[in-house]
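See structure below.
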Amino acid sequence: QGQLVESGGGLVQAGGSLNLSCAASGRTFTYYDIVWFRQAPGEEREFVAAIDWSGGGAHVIDSLKGRFTIARDNAKYTVYLGMNTLKPEDSAVYYCAADRPVRDVVLREYRSWKQYTYWGQGTQVTVSS
């Protein structure tokens, strides 16, 4: 059984940056799309960004473009979520999920989080004002 482990969360002041990692182990997720979601207290889990297995296809939701980036290093079995100019409203638990590839990674934005099988445990990001 494969495992996804997120890390890199923490407490940061508004305007700061964090780089989250999603590391895969116990199973090869190399040929899987990796998706980042986030969930704030009392809110639905929401899509943040996705990347295909090659790293050539990547998509960040429009509201976060220019501040968030996604990248992967298959040699390290790791996907990264770079977050810059953080705002208090970015505070949430950030999760990564893995899924078999789709034709266009942009379509991930419209797929419910409930359809994903492989999840990490989440990492807390708190942005203070």
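Following the order of the structure tokens, first chain is A, next is B, and so on, with residues numbered from 1 inside each chain and ligands from 1 in the order they appear.
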From the DSSP assignment of the backbone, select every residue of region 13-119 of chain A that is strand (DSSP E), and format the answer as a PyMOL selection string.
-> chain A and resi 13+18-25+33-39+46-51+58-60+68-73+78-83+92-99+118-119
Distance table requested - region 17-54 of chain A against region 125-129 of chain A, cut-off 10 Å, only C-alpha atoms: one row per qualifying residue with the closest atom pair and its distance in Å to one decimal, ordered by chain and rising residue number, as a tab-separated table.
```
residue	atom	partner	partner_atom	distance
A:Ser17	CA	A:Val127	CA	9.6
A:Leu18	CA	A:Val125	CA	8.6
A:Leu20	CA	A:Val125	CA	9.4
A:Arg38	CA	A:Val125	CA	9.4
A:Ala40	CA	A:Val125	CA	9.7
```
Can those selected residues be exported to a file as a PDB file, in the first residue's frame so that it contains C-alpha atoms?
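Saved as selection.pdb:
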```pdb
ATOM      1  CA  SER A  17       6.343  32.016   1.955  1.00  0.00           C
ATOM      2  CA  LEU A  18       6.193  28.290   2.522  1.00  0.00           C
ATOM      3  CA  LEU A  20       5.092  22.209   1.023  1.00  0.00           C
ATOM      4  CA  ARG A  38      -6.838  22.574   1.206  1.00  0.00           C
ATOM      5  CA  ALA A  40     -10.170  25.515   6.273  1.00  0.00           C
TER       6      ALA A  40
END
```
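Take the candidates A:Ser91, A:Thr30, A:Asn19, A:Asn84 and check each one against Trp53 (chain A) using only C-alpha atoms; the shortest distance goes to A:Thr30.
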Run DSSP on the backbone and give me the residues of chain A it puts in helix (DSSP H, G or I), as a PyMOL selection string.
-> chain A and resi 62-64+74-76+88-90+105-110+113-115
Do you know which residues are at most 12 Å from Met83 (chain A) counting only C-alpha atoms, after dropping those on the same chain fewer than 5 positions away, and could you put them as a VMD selection string?
-> chain A and resid 8 to 9 12 14 to 21 36 48 to 49 60 64 to 71 90 to 91 94 125 127
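Among the candidate residues A:Ser63, A:Thr85, A:Gln124, A:Thr78, the one lying nearest to Ala24 (chain A) is A:Thr78, with distances computed using only C-alpha atoms.
Using only C-alpha atoms, the nearest neighbour of Asp33 (chain A) within the list A:Val106, A:Ala58, A:Leu86, A:Ile51 is A:Ile51.
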Spatial neighbours of Tyr118 (chain A), max dist 9 Å, only C-alpha atoms, sep filter under 5 positions, as a VMD selection string = chain A and resid 2 to 4 96 to 99
Can I get the selection written as a short mmCIF file (atom, residue, chain, number, x, y, z; two decimals), in the first residue's frame, with N, CA, C and O atoms?
```cif
data_model
loop_
_atom_site.label_atom_id
_atom_site.label_comp_id
_atom_site.auth_asym_id
_atom_site.auth_seq_id
_atom_site.Cartn_x
_atom_site.Cartn_y
_atom_site.Cartn_z
N GLY A 2 0.61 2.15 -0.87
CA GLY A 2 1.40 3.36 -0.96
C GLY A 2 1.01 4.36 0.09
O GLY A 2 -0.05 4.29 0.69
N GLN A 3 1.91 5.30 0.29
CA GLN A 3 1.68 6.33 1.30
C GLN A 3 2.14 7.68 0.78
O GLN A 3 3.18 7.77 0.11
N LEU A 4 1.37 8.70 1.08
CA LEU A 4 1.73 10.08 0.77
C LEU A 4 1.92 10.81 2.08
O LEU A 4 1.07 10.71 2.98
N CYS A 96 -2.30 16.40 -0.04
CA CYS A 96 -2.02 15.96 -1.40
C CYS A 96 -2.73 14.62 -1.63
O CYS A 96 -2.96 13.85 -0.69
N ALA A 97 -3.09 14.40 -2.87
CA ALA A 97 -3.78 13.19 -3.27
C ALA A 97 -3.20 12.71 -4.58
O ALA A 97 -2.66 13.50 -5.36
N ALA A 98 -3.30 11.41 -4.82
CA ALA A 98 -2.78 10.82 -6.06
C ALA A 98 -3.90 10.11 -6.79
O ALA A 98 -4.80 9.54 -6.18
N ASP A 99 -3.80 10.16 -8.12
CA ASP A 99 -4.83 9.53 -8.93
C ASP A 99 -4.21 9.15 -10.26
O ASP A 99 -3.25 9.77 -10.73
#
```
Given only C-alpha atoms as the counted atoms, nearest of A:Ala75, A:Arg108, A:Gly56, A:Val93 to Gly120 (chain A) | A:Val93
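Counting only C-alpha atoms and comparing A:Asp52, A:Asp62, A:Asp73, A:Glu6, the residue that lies closest to Val105 (chain A) is A:Asp52.
From CA of Ile61 (chain A) back to CA of Asp104 (chain A), the distance works out to 14.1 Å.
CA of Phe37 (chain A) sits 13.6 Å away from CA of Val5 (chain A).
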